[in-house]
Amino acid sequence: MSEYEAARAAGVRRTVIRSTAALIGMFAFAFALVPLYDVFCRITGLNGKVDTTAQAIIHEEVDQSRYITVQFITRGSAGLPWQMSVATRQMRVHPGQTAEVDFTFTNNSQQKSWGRAIPSVSPSSATNHLRKVSCFCFQEQLLQGDERLTIPLVFQLARDLPEEITTITLVYTLYPVHNMVLDASLNNNKIAGDKI
Amino acid sequence: MAPKLPPQHPLQHSTTAAADGQADHAHHASPKGIMRWLLTTNHKEIGSLYLIFSLIMFFIGGIFALVVRAELFQPGLQLIEPEFFNQMTTMHGLIMVFAAVMPAFTGLANWMIPLQIGAPDMALPRLNNFSFWLLPVAFTLLLSTLFMPGGGPNFGWTFYAPLSTTYAPPSTTFFILALHIAGVSSILGAINIVATILNMRAPGMRMMDMPLFVWTWLITAFLLIAVMPVLAGVITMMLMDINFGTSFFDAAGGGDPVLFQHLFWFFGHPEVYIMILPAFGIVSAIIPTFARKRLFGYASMVYATAAIALLSFLVWAHHMFVVGLPLAAELFFMYSTMLIAVPTGVKVFNWVTTLFRGSISFEPPMLFALAFVVLFTIGGFSGLMLAIAPADFQYHDTYFVVAHFHYVLVPGAIFAIMAGVYYWLPKWTGHYPHERLAQCHFWCSIVGVNLTFFPMHFAGLAGMPRRIPDYALQFADFNLVSSIGAFFFGISQLIFVLVIVLCVRGGRKAPAQAWEGAEDLEWSVPSPAPLHTFETPPVFHRSHHGD
Amino acid sequence: MRSLWQWLLPTCVIAGANQAQANGWNMPVGVTDISRDIYGLHMTIFWVCVAIGLLVFGVMFYSLFRYRHSKGAKAAEFHEHTSVEVLWTAIPVLILVGMAVPATATLKNMYDTSEADLDVMIIGQQWRWRYEYLGEDVAFNSNMSTPWEQIRGEAARGEHYLLEVDEPLVLPINRKIRFLMTSDDVIHSWWVPDLAVKQDTIPGFINENWVQINEPGIYRGQCAELCGVNHGFMPIVVHAVEEDEFEIWLAERKEAAEQEAMGVDREWELDELMARGEPVYRAICASCHQAEGQGAPPAFPALANNAQLIDDLDWHIDRIVNGVSGTAMPAFRSTLNPVEIAAVVTYTRNAWGGDTGDAVQPASIAEKIVQ
C-alpha cells in the first residue's frame, strides 16, 4: 500500500468515525427534543401546555383596573365512564386576585377506574400568567364505582398578564389511564380488555 | 429488462490514455449470474442496481398515483373504496420519496462521483453493497403491508399522530420497520459518499474544483446524516407509543400530537432539499455543457447550496402554520421561509446567465434541464406564495400545495434525474440514446406534467382539500384534466424505458467525450466506462472550475 | 420550449384575470375583513411572481432563441460578475421585506381573539363536527347529509354534493365570534374558505380562531386534515344570518332542547323509539357501521347479528355512552341526549333481524349519565 493510499484510508476512517458520532448524536437529539419541547412549551406557553406542578401564590397587589373572564370547560373522552363538571362555568377575576373553583368527578359505572384530566389553556400566551396553586392536572385519580369526588382548583392570574388578553379559557379533558399495574388489579372485572 | 452491465473484461476497454495505469483485473475471478449482483462491490454496478431499482419503484409508485387519479377522474366513488384510496395516496408518497427519487440520486452518485473526482471506487465498497441491498428488503416489506389484514399505511406519507399511532392499522409496525431499514440504507449511503468526496479526490483537486454535482451531493449527504436519525427517532417513538404504552404523541398520557409534527418536519423539510439539491448539481453540469460556456457563478452556486441546506433546518414549522403556533413562531418561520427564496433565486439567475451569450444546442439532456429551470421556478413561485403565513391559512392542505410540491418534485427532481440519465447514458453504455424517441419522451412528459399538475393550482385555490377520495362538483373539470394528464404522463414514461433499453443494446457509438462542451473528469475515461477506472489517480488540471 | 412558454403564459394570465370575482378558479375574496386582506396578499404575491417570472423567463427564452449553436453562435467567456451577483441577491431581499410587512400586519390581526361577543366550541370527531355555543346550552352535531346513493352514483347528484349537512352552524353577522377548537380523536382541520378560517383541531388541546362575518349567506367548507376513511365526507356549512334572526334561532334551539329533555321521563313505545332511532343511526352510526349494520371489520365491527351486543344490553349501552378508547368509537355521553341514545340502542337491537323486542327507556339511559 502506497503512502498515498494509506493516507486515504486513514482519512476515510476519520470521516466514518465522525459521521457515526454525528449520527448517534442526532438520534439522541431527536429524543432530547421531547423534553426540550416540553420545556420550550412551558417557557413560551406554546400549545397551551401548562405546568403540572403546583405553584406558590405570589402576593401581589390586585389590579382593580381590569377584569379578566376565565372560562372553564370540561370534556370527557372515549373509554372512561366518568362525568366531570365544574361549579362555575365562567368567572370574572382581577389580575393578582386568588380564586377558587370546584370540579366534580363522578364515576357513572359500578366498577372502579382510573382517570386523568389533561389541561389546555387558550390563548396560549396566557399560559404563563396562570398560576395554579392547587390542581389535579395530570394526576391519576381513582374513583370507586358510583363515587363522586370534588376537588377545588385554586388559581391566580399574574398581574403582568398582557393587556390584550381579556378572556382565558381553561379546558380539561378526561382520559382513561391504562396502566399495567391497574390492569392487573382490574383483570377480574369486565372492564379490562373488552373492546368491541 | 436485462440491464447492460459495464463491460466485464476491462482489458478490452481500458486502453486509452486517460485510463492508463489501470491494472489488469483478469485475475479477479468474479462470481457469475445472480451472485455477481448480490456480491458486487463495484460502484458502477451498484449504481446501476440503484437506478434500476428506482426505475421499477417509479413505476410502482406511478401506478398507485394512477389508481388515485382514476378514482378522481369524476365525482363519486367508482373504482375503489376510501380506505384503499388512503392507502394508495400514502404508498404513492412513500414509494416516490423513499424508493424512487432518493435511490435514483444515490445511484447517480454511485456511478458518477468516483468518475467526477478521479477515484477508483467509493471509499467503502462493501458497505455500498449492503446499503443497496437493504432497499429491496425495506420496500418489499413496505409493499407487503398492502396485503396484511387491515391494509397498509393509510395516514398519508407524513403519518401524523395519532392517526398513525392510536388509530393506525395493525400493519403500522411493519411500516415502521421498513422505514427504519430504508433509513439505515440512506445513512450508510450518505456516510460512504461523504467519505469518498472528502478523501478520494484526485491529487490536486481542491474542494472548490469539484463539479457541482459532487458539491450538491456532499451537502445532501450531510443533510442525510443530520436528519435521517431524527426520522429514526420519530418512528421509534411511534413504535413505542403503539406497542409499549408510552405516550409521546398521545394527549391522554400527557404527550402532544403536535410534537410529532415538529419532529417529523424537522426531518421532513431537510428531506425535501435532499430530493432537490442533487438535481441542482445535475442541471449545473448539463446547462454549461450544451451552452458551451462555463457555469456562471460557480462559487455562488456552492454558497447558495450551503445556504439552502442551513436554512432548511430553520423553516420546518411552515408546514404547520394552522396547528395553532404562537404568533411569534408564525412570524419567525414565515420570515425564514421567505429567505430561502434568495439563494434559490441566485441559482436560477446563474443558470439563466450561463445561457446568456452561450452557444446553445438542444440535445435531450438539455431539453430536460431547461424544462427543469422553468418548471422548478414555477414550483418555487408557488412555494413563495405558501410562505406567506396568512395566505397559507387558505392554501394549507389544499390541492394548491399538491400542485406546488409536484412541480418541484416531478419536473424538478425527476426531470433532473432523467436529464442526468440522458446525459450520462453514453458514458454508461457507450451509445447515444435514440434522439427522436428521447425528444418524443420529453415533449410527452412536458405536456403530461403540466396537464396533470397545473389545474391543481386552480382546484386548490377554489377550495379542494387534498387527500379526499371524492369531491364537490365544482372541482370536476380540474380533476378531469388532471387525470387525463396523469395517464398521458404515466404512459409516456414507457418511452423512457424503451430509450434506455435501446441505448443499452446498441445505437450510435459515443466517444469518450460524448458531448462537445462537457468538461468534467468522467469524460476522460472511455465510453462505455470500463468496470475499473482511475486505479491510478489521474492528474487533475485546474482548467474548469475556480480560478 | 417556446411552445411551452406560449402555453404557460395565457394560463397565468387567465389565472390573474379572474381576480374580480371568485368564479371557481381563484381563491374566494370571502366575506370577512381578514379574508379580504388574505386575498389581497395572495394577489400581490401572485403578481410579484408573475413579474419576476416574465423577467427571468424572458431573458432565458431570448437567450435560447438568440444564441443557438445551430445559428453559429459563439459562446462568450465570462463566468463571474460580483456586482451583478450581489445585486440579484439584494433585490429579492427587498421585495421579500416589502411582502413581509403587510403579511405580518394581517397575521397579527388574525391572532387577536380578544373582545369576542360569542364563543363557539368546534369539536372534530371521526367524521362529523360538533358545535357548542358556550354559555347558551345549545349544542349539536353536524353530519354530512349527502346520501351514499349519490356518492355511489345510484342517484343524481345535487347542487351541493358533499358540501351539505343536516345541521349547519348558525352564526350572526357583524359580531366577533371566537372559535375554540379541539378534537375527540385524531387531528381534523376546520376550514371555510369564505371565512378564511382554517384551524387544526387537536385532541387534548385547544386552539383559537375568530371570525366576524360581514354578509349574510351560506358558506361551505370541508375538513382539511386527513383524519381517516371518511375524511372527504365531513363538510362544514355555516349559515350567517342577521343578528335578530340569530337570537330567534338560538331561542328556538333552547326550547327544542328543553322539549327533548322532557321526553326523558315518559315511557316510550318500541315503534316510537325505532322511528326516532333510525335517523340518528343514519346520521351518526352508518358512516362506520354501514347502513345495514354490517360494519367494515376489522376497524368497524358489525352490529347486525352481533351476539355479544344482543346478549348484553348493559355492555351495548356502555359502548355508546362511554365509547372505546383508542378507536373511532367516541363516547356519546355528552353528544347525544338520553332519548337519542335510547332510540338508537333500541334501533340497533331490533333492526336487521335482531328483533330482541327491547324498548330501551330514555330514563334508564339518563341514570347512566348523571350530570
# chains A, B, ... in the order shown; residues from 1 in each chain; ligands from 1

$ interface_residues --of "chain C" --to "chain B" --cutoff "6 Å" --atoms "only C-alpha atoms" --output "ChimeraX atom specification"
/C:24-27,38,49,60,63,67-69,73-76,79-80,107,151-152,161-162,186,198-200,204,207,224,229,232,326

$ write_last_selection --atoms "N, CA and C atoms" --output "CSV table (one decimal), in the first residue's frame"
chain,number,residue,atom,x,y,z
C,24,GLY,N,-64.5,30.3,-9.1
C,24,GLY,CA,-64.1,28.9,-9.0
C,24,GLY,C,-62.7,28.6,-9.6
C,25,TRP,N,-62.0,29.6,-10.0
C,25,TRP,CA,-60.6,29.4,-10.4
C,25,TRP,C,-59.6,30.0,-9.5
C,26,ASN,N,-60.1,30.9,-8.6
C,26,ASN,CA,-59.2,31.6,-7.8
C,26,ASN,C,-59.7,31.5,-6.3
C,27,MET,N,-58.8,31.9,-5.4
C,27,MET,CA,-59.2,32.0,-4.0
C,27,MET,C,-60.4,32.9,-3.8
C,38,ILE,N,-56.3,38.7,3.2
C,38,ILE,CA,-55.6,37.5,2.7
C,38,ILE,C,-55.7,37.4,1.2
C,49,CYS,N,-44.7,37.4,-8.4
C,49,CYS,CA,-44.1,36.2,-9.0
C,49,CYS,C,-44.3,36.3,-10.5
C,60,MET,N,-34.3,34.2,-20.4
C,60,MET,CA,-33.9,32.8,-20.7
C,60,MET,C,-34.3,32.4,-22.1
C,63,SER,N,-32.3,34.2,-24.8
C,63,SER,CA,-31.0,33.6,-24.9
C,63,SER,C,-31.1,32.3,-25.7
C,67,TYR,N,-29.0,32.7,-29.1
C,67,TYR,CA,-27.7,32.2,-29.0
C,67,TYR,C,-27.7,30.7,-29.4
C,68,ARG,N,-28.4,30.4,-30.5
C,68,ARG,CA,-28.4,29.0,-30.8
C,68,ARG,C,-27.1,28.5,-31.5
C,69,HIS,N,-26.6,27.3,-31.1
C,69,HIS,CA,-25.4,26.8,-31.7
C,69,HIS,C,-25.6,26.6,-33.2
C,73,ALA,N,-23.8,30.6,-33.2
C,73,ALA,CA,-23.5,31.4,-32.0
C,73,ALA,C,-22.2,31.0,-31.4
C,74,LYS,N,-21.3,32.0,-31.1
C,74,LYS,CA,-20.1,31.7,-30.4
C,74,LYS,C,-20.2,32.0,-28.9
C,75,ALA,N,-19.8,31.1,-28.0
C,75,ALA,CA,-20.0,31.3,-26.6
C,75,ALA,C,-19.1,32.4,-26.1
C,76,ALA,N,-19.6,33.2,-25.2
C,76,ALA,CA,-18.7,34.2,-24.6
C,76,ALA,C,-17.9,33.6,-23.5
C,79,HIS,N,-17.8,34.3,-16.8
C,79,HIS,CA,-18.4,33.3,-15.9
C,79,HIS,C,-18.6,33.8,-14.5
C,80,GLU,N,-18.3,35.1,-14.3
C,80,GLU,CA,-18.5,35.7,-12.9
C,80,GLU,C,-18.7,37.2,-13.1
C,107,LEU,N,-51.3,38.9,9.9
C,107,LEU,CA,-51.2,37.8,10.8
C,107,LEU,C,-51.5,38.3,12.3
C,151,ILE,N,-73.2,9.3,-3.8
C,151,ILE,CA,-71.8,9.1,-3.9
C,151,ILE,C,-71.5,7.9,-4.7
C,152,ARG,N,-72.3,6.8,-4.5
C,152,ARG,CA,-72.2,5.6,-5.3
C,152,ARG,C,-72.7,5.7,-6.7
C,161,TYR,N,-73.5,18.7,-3.6
C,161,TYR,CA,-73.0,17.4,-3.4
C,161,TYR,C,-71.7,17.4,-2.5
C,162,LEU,N,-71.8,16.7,-1.4
C,162,LEU,CA,-70.7,16.5,-0.4
C,162,LEU,C,-70.5,17.8,0.4
C,186,VAL,N,-58.7,12.1,16.3
C,186,VAL,CA,-57.4,12.4,15.6
C,186,VAL,C,-57.5,13.9,15.3
C,198,LYS,N,-59.0,28.5,8.9
C,198,LYS,CA,-58.6,27.1,8.8
C,198,LYS,C,-57.8,26.9,10.1
C,199,GLN,N,-58.2,26.0,10.9
C,199,GLN,CA,-57.5,25.7,12.1
C,199,GLN,C,-57.6,24.2,12.5
C,200,ASP,N,-56.5,23.7,12.8
C,200,ASP,CA,-56.5,22.3,13.2
C,200,ASP,C,-57.2,22.1,14.5
C,204,GLY,N,-57.1,16.8,22.9
C,204,GLY,CA,-56.5,17.2,24.2
C,204,GLY,C,-56.0,18.6,24.3
C,207,ASN,N,-57.4,25.1,20.5
C,207,ASN,CA,-56.9,26.1,19.6
C,207,ASN,C,-58.0,27.2,19.5
C,224,ALA,N,-59.9,19.7,6.4
C,224,ALA,CA,-58.7,19.9,5.6
C,224,ALA,C,-57.5,19.0,6.1
C,229,VAL,N,-60.8,7.3,7.2
C,229,VAL,CA,-61.5,6.8,6.0
C,229,VAL,C,-62.5,7.9,5.4
C,232,GLY,N,-63.0,12.7,3.5
C,232,GLY,CA,-63.6,13.5,2.4
C,232,GLY,C,-65.1,13.8,2.7
C,326,GLY,N,-59.1,4.7,22.0
C,326,GLY,CA,-58.2,4.3,21.0
C,326,GLY,C,-58.8,3.8,19.8

$ closest_atom_pairs --of "chain A" --to "chain C" --cutoff "7 Å" --atoms "only C-alpha atoms" --output "CSV"
residue,atom,partner,partner_atom,distance
A:Ser77,CA,C:Ala331,CA,6.0
A:Ala78,CA,C:Gly323,CA,4.3
A:Gly79,CA,C:Ser325,CA,4.4
A:Leu80,CA,C:Asn322,CA,5.9
A:Pro81,CA,C:Asn322,CA,5.3
A:Gln83,CA,C:Gln371,CA,6.9
A:Asn108,CA,C:Lys368,CA,5.8
A:Ile118,CA,C:Gly204,CA,6.8
A:Ser120,CA,C:Phe205,CA,5.4
A:Val121,CA,C:Ile206,CA,6.8
A:Ser122,CA,C:Ile206,CA,6.3
A:Pro123,CA,C:Glu208,CA,6.7
A:Glu164,CA,C:Ser114,CA,6.5
A:Ile165,CA,C:Ser114,CA,6.0
A:Thr166,CA,C:Ser114,CA,5.9
A:Thr167,CA,C:Ser114,CA,6.7
A:Thr173,CA,C:Gly204,CA,6.1
A:Lys195,CA,C:Val324,CA,6.4

$ write_last_selection --atoms "N, CA and C atoms" --output "PDB file, in the first residue's frame"
ATOM      1  N   SER A  77     -63.902  11.740  27.381  1.00  0.00           N
ATOM      2  CA  SER A  77     -63.356  11.105  26.190  1.00  0.00           C
ATOM      3  C   SER A  77     -63.768   9.650  26.211  1.00  0.00           C
ATOM      4  N   ALA A  78     -63.517   8.996  25.099  1.00  0.00           N
ATOM      5  CA  ALA A  78     -63.972   7.621  24.953  1.00  0.00           C
ATOM      6  C   ALA A  78     -63.274   6.714  25.961  1.00  0.00           C
ATOM      7  N   GLY A  79     -64.003   5.768  26.484  1.00  0.00           N
ATOM      8  CA  GLY A  79     -63.400   4.728  27.286  1.00  0.00           C
ATOM      9  C   GLY A  79     -63.374   4.986  28.776  1.00  0.00           C
ATOM     10  N   LEU A  80     -63.927   6.098  29.231  1.00  0.00           N
ATOM     11  CA  LEU A  80     -63.934   6.360  30.663  1.00  0.00           C
ATOM     12  C   LEU A  80     -65.349   6.782  31.078  1.00  0.00           C
ATOM     13  N   PRO A  81     -66.012   5.974  31.883  1.00  0.00           N
ATOM     14  CA  PRO A  81     -67.411   6.265  32.203  1.00  0.00           C
ATOM     15  C   PRO A  81     -67.542   7.318  33.297  1.00  0.00           C
ATOM     16  N   GLN A  83     -68.022  11.434  34.550  1.00  0.00           N
ATOM     17  CA  GLN A  83     -68.539  12.741  34.216  1.00  0.00           C
ATOM     18  C   GLN A  83     -67.707  13.746  35.001  1.00  0.00           C
ATOM     19  N   ASN A 108     -69.786   6.984  36.750  1.00  0.00           N
ATOM     20  CA  ASN A 108     -71.140   6.517  36.483  1.00  0.00           C
ATOM     21  C   ASN A 108     -71.262   5.006  36.429  1.00  0.00           C
ATOM     22  N   ILE A 118     -56.464  16.258  31.595  1.00  0.00           N
ATOM     23  CA  ILE A 118     -55.375  16.943  30.893  1.00  0.00           C
ATOM     24  C   ILE A 118     -55.819  18.375  30.603  1.00  0.00           C
ATOM     25  N   SER A 120     -55.599  22.331  29.110  1.00  0.00           N
ATOM     26  CA  SER A 120     -55.083  23.115  27.992  1.00  0.00           C
ATOM     27  C   SER A 120     -55.635  24.530  28.140  1.00  0.00           C
ATOM     28  N   VAL A 121     -54.793  25.504  27.904  1.00  0.00           N
ATOM     29  CA  VAL A 121     -55.195  26.892  28.113  1.00  0.00           C
ATOM     30  C   VAL A 121     -55.186  27.639  26.781  1.00  0.00           C
ATOM     31  N   SER A 122     -56.192  28.443  26.592  1.00  0.00           N
ATOM     32  CA  SER A 122     -56.234  29.276  25.400  1.00  0.00           C
ATOM     33  C   SER A 122     -56.603  30.696  25.817  1.00  0.00           C
ATOM     34  N   PRO A 123     -56.041  31.745  25.280  1.00  0.00           N
ATOM     35  CA  PRO A 123     -54.957  31.745  24.314  1.00  0.00           C
ATOM     36  C   PRO A 123     -53.649  31.277  24.946  1.00  0.00           C
ATOM     37  N   GLU A 164     -53.843  42.731  26.143  1.00  0.00           N
ATOM     38  CA  GLU A 164     -54.796  42.360  25.098  1.00  0.00           C
ATOM     39  C   GLU A 164     -55.602  41.110  25.438  1.00  0.00           C
ATOM     40  N   ILE A 165     -55.200  40.410  26.500  1.00  0.00           N
ATOM     41  CA  ILE A 165     -55.955  39.207  26.862  1.00  0.00           C
ATOM     42  C   ILE A 165     -57.107  39.601  27.778  1.00  0.00           C
ATOM     43  N   THR A 166     -58.316  39.313  27.347  1.00  0.00           N
ATOM     44  CA  THR A 166     -59.476  39.634  28.181  1.00  0.00           C
ATOM     45  C   THR A 166     -60.226  38.378  28.587  1.00  0.00           C
ATOM     46  N   THR A 167     -60.013  37.304  27.853  1.00  0.00           N
ATOM     47  CA  THR A 167     -60.695  36.046  28.158  1.00  0.00           C
ATOM     48  C   THR A 167     -59.671  34.920  28.157  1.00  0.00           C
ATOM     49  N   THR A 173     -59.667  17.872  29.678  1.00  0.00           N
ATOM     50  CA  THR A 173     -60.164  16.676  29.003  1.00  0.00           C
ATOM     51  C   THR A 173     -59.806  15.472  29.863  1.00  0.00           C
ATOM     52  N   LYS A 195     -62.801  -4.526  24.512  1.00  0.00           N
ATOM     53  CA  LYS A 195     -63.057  -3.620  23.386  1.00  0.00           C
ATOM     54  C   LYS A 195     -63.986  -4.317  22.426  1.00  0.00           C
TER      55      LYS A 195
END

$ interface_residues --of "chain A" --to "chain B" --cutoff "8 Å" --atoms "only C-alpha atoms" --output "PyMOL selection string"
chain A and resi 8+11-12+15-16+19+22-24+26-31+33-34+37+46-47+116+118+124-125+138+174-177

$ write_last_selection --atoms "C-alpha atoms" --output "PDB file, in the first residue's frame"
ATOM      1  CA  ARG A   8      -6.520   7.984   2.046  1.00  0.00           C
ATOM      2  CA  GLY A  11      -8.932   9.861   6.013  1.00  0.00           C
ATOM      3  CA  VAL A  12     -11.822   7.538   5.272  1.00  0.00           C
ATOM      4  CA  THR A  15     -14.691  10.538   8.203  1.00  0.00           C
ATOM      5  CA  VAL A  16     -16.582   7.394   9.120  1.00  0.00           C
ATOM      6  CA  SER A  19     -20.140  10.711  10.729  1.00  0.00           C
ATOM      7  CA  ALA A  22     -22.819  12.766  14.336  1.00  0.00           C
ATOM      8  CA  LEU A  23     -25.411  10.089  13.640  1.00  0.00           C
ATOM      9  CA  ILE A  24     -25.585   8.884  17.194  1.00  0.00           C
ATOM     10  CA  MET A  26     -28.615  13.299  16.074  1.00  0.00           C
ATOM     11  CA  PHE A  27     -30.532  10.177  17.113  1.00  0.00           C
ATOM     12  CA  ALA A  28     -30.081  11.150  20.741  1.00  0.00           C
ATOM     13  CA  PHE A  29     -31.002  14.711  19.840  1.00  0.00           C
ATOM     14  CA  ALA A  30     -34.349  13.524  18.427  1.00  0.00           C
ATOM     15  CA  PHE A  31     -35.191  12.033  21.825  1.00  0.00           C
ATOM     16  CA  LEU A  33     -36.199  17.144  21.655  1.00  0.00           C
ATOM     17  CA  VAL A  34     -39.103  15.621  23.573  1.00  0.00           C
ATOM     18  CA  TYR A  37     -40.070  20.715  23.565  1.00  0.00           C
ATOM     19  CA  LEU A  46     -46.844  27.116  23.241  1.00  0.00           C
ATOM     20  CA  ASN A  47     -49.817  24.900  22.695  1.00  0.00           C
ATOM     21  CA  ARG A 116     -56.642  11.762  34.487  1.00  0.00           C
ATOM     22  CA  ILE A 118     -55.375  16.943  30.893  1.00  0.00           C
ATOM     23  CA  SER A 124     -51.595  30.067  24.695  1.00  0.00           C
ATOM     24  CA  SER A 125     -49.913  33.363  25.525  1.00  0.00           C
ATOM     25  CA  PHE A 138     -52.070  15.185  35.090  1.00  0.00           C
ATOM     26  CA  LEU A 174     -60.631  13.499  30.985  1.00  0.00           C
ATOM     27  CA  TYR A 175     -58.736  10.482  29.718  1.00  0.00           C
ATOM     28  CA  PRO A 176     -58.732   6.898  30.945  1.00  0.00           C
ATOM     29  CA  VAL A 177     -55.445   5.731  32.412  1.00  0.00           C
TER      30      VAL A 177
END

$ closest_residue --among "B:Thr429, B:Ser483, B:Ser131, B:Gln493" --to "Gly506 in chain B" --atoms "only C-alpha atoms"
B:Thr429

$ residues_around --residues "Ala261 in chain C" --least-positions-apart "5" --cutoff "12 Å" --atoms "only C-alpha atoms" --output "number ranges by chain"
C: 254-256, 266, 336-340, 362-363, 366

$ atom_distance --atom1 "CA of Pro526 in chain B" --atom2 "CA of Lys509 in chain B"
11.3 Å

$ residues_around --residues "Met456 in chain B" --least-positions-apart "4" --cutoff "8 Å" --atoms "only C-alpha atoms" --output "PyMOL selection string"
chain B and resi 399-400+402-403+452+460+478-479+482

$ write_last_selection --atoms "C-alpha atoms" --output "mmCIF file, in the first residue's frame"
data_model
loop_
_atom_site.group_PDB
_atom_site.id
_atom_site.type_symbol
_atom_site.label_atom_id
_atom_site.label_comp_id
_atom_site.auth_asym_id
_atom_site.auth_seq_id
_atom_site.Cartn_x
_atom_site.Cartn_y
_atom_site.Cartn_z
ATOM 1 C CA TYR B 399 -54.533 20.960 -3.987
ATOM 2 C CA PHE B 400 -52.539 24.172 -4.293
ATOM 3 C CA VAL B 402 -50.204 19.324 -4.064
ATOM 4 C CA ALA B 403 -49.542 21.327 -7.240
ATOM 5 C CA THR B 452 -51.660 16.951 -14.596
ATOM 6 C CA GLY B 460 -56.761 24.152 -4.573
ATOM 7 C CA PHE B 478 -59.915 20.402 -12.969
ATOM 8 C CA ASN B 479 -59.819 16.795 -11.845
ATOM 9 C CA SER B 482 -55.522 16.259 -14.168
#

$ atom_distance --atom1 "CA of Gly96 in chain A" --atom2 "CA of Ala158 in chain A"
5.3 Å
